[in-house]
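Data block below; observations after.
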Amino acid sequence: MQSIVPYTKEIQFKSKIFEICSISLEHEINSSDTEITGNFIISGDYKSHEVSVNKEAFNYKLPFHLEVTDTIDKNSLQFEITDFNYQVISEDTLKVDIEFQVSATTIEPVKIEEREEIPEIKKEVIEDIDELFHKEEIENASPEERPEIEEIKENTEERLEEEQAEVVLDSATEKEDEYMTYHIHIVSENDTLESLVATYETDIDTLKEYNQIDVLNIGDKIIIPSKDE
């Protein structure tokens, strides 16, 4: 299974927004065999007035929910932010547009015929045991011999049932949630690829994976991912 999902949300701030000074995107996810849930965490700081020298911090959790039509192996789940944009659309409202990709291994359902096959085998085995012990041994045995024959029959049934039983292994190893921080850096006059790599402790290949940055222009928004340990 692999899906690219768009997500849009309008966030109303507690005061006016004059300028977004910095913004980061993180996520936390939980998954089951049939659904994926979690939160996007938008944080940063902003100015509420043009002449203000102080910055105000903001932090919002935006819940999301994704139903999965196929049964998936949740241990194979991969979640990646592929695009992130934001825009101040009114004096106190910020609109965020997020695109993320979800991929996981699909678990093929077991056919009904395969599940019913083993009970039929077990039924035939038990019938054979009944025929062997009850008809030929127990009915003709003396009162002293019957307890011993009954015990042999019970032990045989248990052993064959263990050998024929279908064992289903459910390895539900819990996987820790991964948190990814996406820094949005606005290019200034003195920025270079080397300075961004040094500032955010990343590498040029990672920057190029998330951005088209053959040339840095002042005002460009650069997405810089970093995985939290």
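The chains in the structure tokens are called A, B, ... from first to last as shown; in each chain the residues are counted from 1, and the ligands are counted from 1 in the order shown.
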Counting only C-alpha atoms, what is within 6 Å of range 68-78 of chain A, bar same-chain residues fewer than 5 positions away, as a ChimeraX atom specification? /A:33-35,102-107
Give me the residues within 9 Å of Tyr200 in chain A as a ChimeraX atom specification, counting only C-alpha atoms and dropping any in the same chain fewer than 6 places off. /A:183,224-226
With distances taken over only C-alpha atoms, which residue among A:Asn155, A:Gln101, A:Gln87, A:Thr93 lies nearest Ile4 in chain A? A:Gln101
